[in-house]
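**Student:** Right, I'll just put the structure down here and ask away after.
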Amino acid sequence: MVNIGPMPFHCGSPLEEPEEFTTLRACPGPLLLRTAAGGEGWLVTRYDDVRKLAADPRIGRAHPCPQQAPRLWDAAMFAPQTNFDTEFGDHRCWRRVLTPRFTRPGLRVQWESAVPLLDGLIDTVLAAGPPVDLRQMIAEPFATRLILDFIGIPGEEYARMRAWSDAIRVPDDRAVAEAARSAILGRLGELIDHRHADPADDVLTDLARALTPHGPLTREQAVEAAGHLFFGGHETVAARIAYGLLFLLAHPDQYQALHDDPSLAAGAAEEILRLAVPGGSWIPRYAREDIPFRGSLIRAGDLVVFALQAANRDPDRFTGPDLFDITRAPNPHVAFGHGKFYCLGADLARIALRTVCEQLPQRLPGLGLHAPWAVLSTDKERVTGGLGTLLVSW
């Protein structure tokens, strides 16, 4: 075991990666490191290694003994799944049901609603006057309304569901976090049940329709699917929007370029996904059987951690990996993972980021950071990270 750690590491600056990654990427393969939860895990930092292992069928989310499984942290977020014997079949089943919802036609309402939703929030910002906190006034409400509405969470449920969501992301009291996770899954199950009698144009209705007597999903699988989308959805996208805006405002020439040419928004969204990584995108997985890999033996049951932030700054794959460049092309980042667990909501996240990159520079062309970016603090309490605040003026 290498004497570096424990992981996950913290960034010294919100625009930089943890300094340990430079050393670790130079090592030939994954390394066994201590974790914040007191166990051990294999850390994978190189771009090619992340792609190969993420696509390996011997890597999964479940563990045969989840209560004894090594953990990256003690938060309920990314806790090992318990369906070890049926994991891949369950995953394929619910993805097959939901994939049409995540195609461009399925996301039509989100494409159409994103701009007026964001415009209304920008109106509120302009009415408030500077300085304002863009995380609180733009990133969080925009992501919450766009994504939770898409899933089918009623607006009056937002505050309660977000409070539970916050609890599962804090590596503090595992019992409280697990209780919050159970509460979320329980409520999602109730909402799916309600959709039988009151269908809508949303994800929960798709899951409810798949529960017919001869349907492809069990209720447990449907709740699992809704949970994956909720846990990986609004909070993660909100943090990414705020972080992406920080990168743009810390590089005012690129924010100005978006004002001058809104067609650059798609490329800006991809570069934000590559480089603006709240929390470092530490993705814990488990070896389902022994895996010899680059001179090491990853044993069945071992924790395997993909450091997507490190992979997206791998100099063997990206020219000028630390440079923020909204015109970068190609940009084959792994922000959404790779292989069988590639994020189903990738295009929904892209809608959110692209809309912000298109609209904000047009409505607020003189936007700038209210204080130097170097003094901004990151949220070290949540495993999904992000910024505590993003104060701006114009």
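Residues in the structure tokens are named by chain (A, B, ... in the order shown) and by number from 1 within that chain; ligands are numbered from 1 in the order shown.
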If we count only C-alpha atoms and set the cut-off at 7 Å, which residues sit around Arg71 (chain A), ignoring sequence neighbours fewer than 6 positions away in its own chain? Please answer as a PDB file with C-alpha atoms, in the first residue's frame.
**Tutor:**
```
ATOM      1  CA  ALA A  37     -13.475   5.500   6.052  1.00  0.00           C
ATOM      2  CA  GLY A  39     -10.229   0.882   4.799  1.00  0.00           C
ATOM      3  CA  LEU A 303     -12.908  -1.318  -3.497  1.00  0.00           C
TER       4      LEU A 303
END
```
**Student:** Can you build me a table of region 132-193 of chain A residues sitting at most 6 Å from region 237-258 of chain A, with the closest atom pair per residue and its distance in Å to one decimal, using only C-alpha atoms, sorted by chain and residue number, as a tab-separated table?
**Tutor:**
```
residue	atom	partner	partner_atom	distance
A:Arg135	CA	A:Ala242	CA	5.4
A:Ala139	CA	A:Ala238	CA	4.8
A:Glu140	CA	A:Ala238	CA	4.9
A:Ala143	CA	A:Ala238	CA	5.2
```
**Student:** Would you compute the distance between CA of Pro372 (chain A) and CA of Gln136 (chain A)? Give it in Å to one decimal.
**Tutor:**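 Between CA of Pro372 (chain A) and CA of Gln136 (chain A) the gap is 18.7 Å.
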**Student:** Show which residues sit within 12 Å of region 214-225 of chain A, as a PyMOL selection string. Count only C-alpha atoms, and ignore same-chain residues fewer than 2 positions away.
**Tutor:** chain A and resi 81-83+86-99+151+181-193+203-212+227-232+344-345
**Student:** If you run DSSP on the backbone, which residues of region 48-283 of chain A are strand (DSSP E), as a VMD selection string?
**Tutor:** chain A and resid 59 to 60 132 to 133 282 to 283
**Student:** Please identify every residue of region 75-146 of chain A that has at least one atom no farther than 9 Å from an atom of region 277-297 of chain A, counting only C-alpha atoms, and for each give the shortest atom pair and the distance in Å to one decimal, arranged by chain then increasing number, as a tab-separated table.
**Tutor:**
```
residue	atom	partner	partner_atom	distance
A:Phe78	CA	A:Pro284	CA	6.8
A:Ala79	CA	A:Pro284	CA	8.5
A:Pro80	CA	A:Arg285	CA	7.8
A:Phe84	CA	A:Arg288	CA	8.6
```
**Student:** Using only C-alpha atoms, determine which residues lie at most 9 Å from Glu40 (chain A), disregarding the query and same-chain residues fewer than 5 positions distant; provide the list as a PyMOL selection string.
**Tutor:** chain A and resi 1+6+32-35+70-72+302-303
**Student:** Taking all heavy atoms for each residue, export the selection above as a PDB file, in the first residue's frame.
**Tutor:**
```pdb
ATOM      1  N   MET A   1       0.847  -1.194   0.000  1.00  0.00           N
ATOM      2  CA  MET A   1       0.000   0.000   0.000  1.00  0.00           C
ATOM      3  C   MET A   1       0.883   1.246   0.000  1.00  0.00           C
ATOM      4  O   MET A   1       1.817   1.354   0.776  1.00  0.00           O
ATOM      5  CB  MET A   1      -0.929  -0.003   1.216  1.00  0.00           C
ATOM      6  CG  MET A   1      -1.938   1.132   1.207  1.00  0.00           C
ATOM      7  SD  MET A   1      -3.206   0.946   2.492  1.00  0.00           S
ATOM      8  CE  MET A   1      -2.180   1.056   3.974  1.00  0.00           C
ATOM      9  N   PRO A   6      -5.150   9.896   3.345  1.00  0.00           N
ATOM     10  CA  PRO A   6      -6.167   9.017   2.776  1.00  0.00           C
ATOM     11  C   PRO A   6      -6.931   9.681   1.631  1.00  0.00           C
ATOM     12  O   PRO A   6      -6.929  10.901   1.519  1.00  0.00           O
ATOM     13  CB  PRO A   6      -7.100   8.760   3.962  1.00  0.00           C
ATOM     14  CG  PRO A   6      -7.002  10.018   4.774  1.00  0.00           C
ATOM     15  CD  PRO A   6      -5.564  10.443   4.656  1.00  0.00           C
ATOM     16  N   LEU A  32      -2.964   0.874  -4.310  1.00  0.00           N
ATOM     17  CA  LEU A  32      -3.751   0.586  -3.124  1.00  0.00           C
ATOM     18  C   LEU A  32      -3.480   1.672  -2.083  1.00  0.00           C
ATOM     19  O   LEU A  32      -2.341   1.847  -1.629  1.00  0.00           O
ATOM     20  CB  LEU A  32      -3.386  -0.789  -2.578  1.00  0.00           C
ATOM     21  CG  LEU A  32      -4.296  -1.366  -1.488  1.00  0.00           C
ATOM     22  CD1 LEU A  32      -5.720  -1.551  -2.012  1.00  0.00           C
ATOM     23  CD2 LEU A  32      -3.733  -2.687  -0.987  1.00  0.00           C
ATOM     24  N   LEU A  33      -4.534   2.415  -1.708  1.00  0.00           N
ATOM     25  CA  LEU A  33      -4.403   3.536  -0.776  1.00  0.00           C
ATOM     26  C   LEU A  33      -5.388   3.393   0.371  1.00  0.00           C
ATOM     27  O   LEU A  33      -6.397   2.687   0.272  1.00  0.00           O
ATOM     28  CB  LEU A  33      -4.674   4.864  -1.489  1.00  0.00           C
ATOM     29  CG  LEU A  33      -3.814   5.233  -2.698  1.00  0.00           C
ATOM     30  CD1 LEU A  33      -4.271   6.574  -3.255  1.00  0.00           C
ATOM     31  CD2 LEU A  33      -2.354   5.278  -2.329  1.00  0.00           C
ATOM     32  N   ARG A  34      -5.084   4.082   1.466  1.00  0.00           N
ATOM     33  CA  ARG A  34      -6.023   4.169   2.566  1.00  0.00           C
ATOM     34  C   ARG A  34      -7.197   5.073   2.180  1.00  0.00           C
ATOM     35  O   ARG A  34      -7.057   5.963   1.337  1.00  0.00           O
ATOM     36  CB  ARG A  34      -5.327   4.749   3.804  1.00  0.00           C
ATOM     37  CG  ARG A  34      -4.283   3.827   4.419  1.00  0.00           C
ATOM     38  CD  ARG A  34      -3.535   4.509   5.558  1.00  0.00           C
ATOM     39  NE  ARG A  34      -2.691   5.610   5.083  1.00  0.00           N
ATOM     40  CZ  ARG A  34      -2.858   6.879   5.397  1.00  0.00           C
ATOM     41  NH1 ARG A  34      -3.841   7.241   6.195  1.00  0.00           N
ATOM     42  NH2 ARG A  34      -2.041   7.804   4.942  1.00  0.00           N
ATOM     43  N   THR A  35      -8.346   4.838   2.802  1.00  0.00           N
ATOM     44  CA  THR A  35      -9.529   5.659   2.542  1.00  0.00           C
ATOM     45  C   THR A  35      -9.924   6.425   3.792  1.00  0.00           C
ATOM     46  O   THR A  35      -9.529   6.086   4.907  1.00  0.00           O
ATOM     47  CB  THR A  35     -10.727   4.801   2.097  1.00  0.00           C
ATOM     48  OG1 THR A  35     -11.248   4.101   3.239  1.00  0.00           O
ATOM     49  CG2 THR A  35     -10.338   3.813   1.015  1.00  0.00           C
ATOM     50  N   PRO A  70     -15.435  -2.566   2.042  1.00  0.00           N
ATOM     51  CA  PRO A  70     -14.608  -1.373   2.248  1.00  0.00           C
ATOM     52  C   PRO A  70     -15.281  -0.162   1.607  1.00  0.00           C
ATOM     53  O   PRO A  70     -15.900  -0.282   0.544  1.00  0.00           O
ATOM     54  CB  PRO A  70     -13.292  -1.723   1.543  1.00  0.00           C
ATOM     55  CG  PRO A  70     -13.652  -2.792   0.564  1.00  0.00           C
ATOM     56  CD  PRO A  70     -14.777  -3.553   1.155  1.00  0.00           C
ATOM     57  N   ARG A  71     -15.172   0.986   2.252  1.00  0.00           N
ATOM     58  CA  ARG A  71     -15.830   2.196   1.750  1.00  0.00           C
ATOM     59  C   ARG A  71     -14.822   3.307   1.565  1.00  0.00           C
ATOM     60  O   ARG A  71     -13.827   3.390   2.276  1.00  0.00           O
ATOM     61  CB  ARG A  71     -16.920   2.653   2.718  1.00  0.00           C
ATOM     62  CG  ARG A  71     -18.154   1.763   2.740  1.00  0.00           C
ATOM     63  CD  ARG A  71     -19.307   2.524   3.329  1.00  0.00           C
ATOM     64  NE  ARG A  71     -20.532   1.751   3.396  1.00  0.00           N
ATOM     65  CZ  ARG A  71     -21.730   2.284   3.592  1.00  0.00           C
ATOM     66  NH1 ARG A  71     -21.849   3.598   3.756  1.00  0.00           N
ATOM     67  NH2 ARG A  71     -22.812   1.538   3.648  1.00  0.00           N
ATOM     68  N   LEU A  72     -15.142   4.173   0.610  1.00  0.00           N
ATOM     69  CA  LEU A  72     -14.335   5.363   0.393  1.00  0.00           C
ATOM     70  C   LEU A  72     -14.595   6.385   1.495  1.00  0.00           C
ATOM     71  O   LEU A  72     -13.687   7.046   1.974  1.00  0.00           O
ATOM     72  CB  LEU A  72     -14.640   5.961  -0.978  1.00  0.00           C
ATOM     73  CG  LEU A  72     -13.934   7.262  -1.360  1.00  0.00           C
ATOM     74  CD1 LEU A  72     -12.429   7.084  -1.351  1.00  0.00           C
ATOM     75  CD2 LEU A  72     -14.413   7.752  -2.730  1.00  0.00           C
ATOM     76  N   ASP A 302     -12.679  -6.166  -3.461  1.00  0.00           N
ATOM     77  CA  ASP A 302     -11.895  -4.954  -3.238  1.00  0.00           C
ATOM     78  C   ASP A 302     -12.630  -3.718  -3.743  1.00  0.00           C
ATOM     79  O   ASP A 302     -13.364  -3.767  -4.749  1.00  0.00           O
ATOM     80  CB  ASP A 302     -10.545  -5.038  -3.956  1.00  0.00           C
ATOM     81  CG  ASP A 302      -9.517  -5.867  -3.210  1.00  0.00           C
ATOM     82  OD1 ASP A 302      -9.844  -6.372  -2.120  1.00  0.00           O
ATOM     83  OD2 ASP A 302      -8.384  -5.995  -3.724  1.00  0.00           O
ATOM     84  N   LEU A 303     -12.414  -2.613  -3.060  1.00  0.00           N
ATOM     85  CA  LEU A 303     -12.908  -1.318  -3.497  1.00  0.00           C
ATOM     86  C   LEU A 303     -12.014  -0.804  -4.628  1.00  0.00           C
ATOM     87  O   LEU A 303     -10.788  -0.829  -4.528  1.00  0.00           O
ATOM     88  CB  LEU A 303     -12.877  -0.335  -2.327  1.00  0.00           C
ATOM     89  CG  LEU A 303     -13.194   1.140  -2.607  1.00  0.00           C
ATOM     90  CD1 LEU A 303     -14.652   1.309  -3.027  1.00  0.00           C
ATOM     91  CD2 LEU A 303     -12.892   1.989  -1.372  1.00  0.00           C
TER      92      LEU A 303
END
```
**Student:** Just the residues within 9 Å of Asp119 (chain A), please, counting only C-alpha atoms, with nothing from its chain fewer than 6 positions along; format it as a list in words.
**Tutor:**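 The neighbour list is Gln359, Leu360 and Arg363 of chain A.
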**Student:** Provide the CA of Glu271 (chain A) to CA of Ile326 (chain A) distance in Å, to one decimal place.
**Tutor:**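 Here the two named atoms are 5.6 Å from each other.
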**Student:** Could you give me, as a count of residues only, each residue of region 161-392 of chain A that DSSP assigns to alpha helix (DSSP H) when run on this structure's backbone?
**Tutor:** 111
**Student:** Determine, counting only C-alpha atoms, which protein, DNA and RNA residues have an atom within 12 Å of an atom of Glu17 (chain A); residues of the same chain fewer than 3 positions away are not included. Present the result as a count of residues only.
**Tutor:** 31
**Student:** List as JSON lines every residue of region 267-319 of chain A that is in contact with region 347-352 of chain A, defined as an atom at most 10 Å from one of its atoms (using only C-alpha atoms), together with the nearest atom pair and the distance in Å rounded to one decimal, sorted by chain and then rising number.
**Tutor:**
```
{"residue": "A:Ala269", "atom": "CA", "partner": "A:Arg350", "partner_atom": "CA", "distance": 6.6}
{"residue": "A:Glu270", "atom": "CA", "partner": "A:Arg350", "partner_atom": "CA", "distance": 8.0}
{"residue": "A:Leu273", "atom": "CA", "partner": "A:Arg350", "partner_atom": "CA", "distance": 8.8}
```
**Student:** Taking only C-alpha atoms into account, which of A:Val109, A:Leu390, A:Ala180, A:Ala26 comes nearest Asp316 (chain A)?
**Tutor:**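 Once distances to Asp316 (chain A) are computed over only C-alpha atoms, the minimum belongs to A:Ala26.
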**Student:** What does the distance between CA of Met77 (chain A) and CA of Asn331 (chain A) come to in Å, to one decimal place?
**Tutor:** 28.4 Å
**Student:** Compare A:Trp373, A:Met161, A:Leu353, A:Arg51 by their minimum atom-to-atom distance to Trp111 (chain A), counting only C-alpha atoms, and give me the closest one.
**Tutor:** A:Leu353
**Student:** For a quick check of understanding, using only C-alpha atoms, which of A:Gly5, A:Ser393, A:Leu121, A:Val304 has the smallest distance to Val44 (chain A)?
**Tutor:** A:Val304
**Student:** Which residue out of A:Asp133, A:Asp74, A:Glu112, A:Asp56 has the minimum interatomic distance to Leu391 (chain A) when only C-alpha atoms are used?
**Tutor:**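 Of A:Asp133, A:Asp74, A:Glu112, A:Asp56, the one nearest Leu391 (chain A), counting only C-alpha atoms, is A:Asp133.
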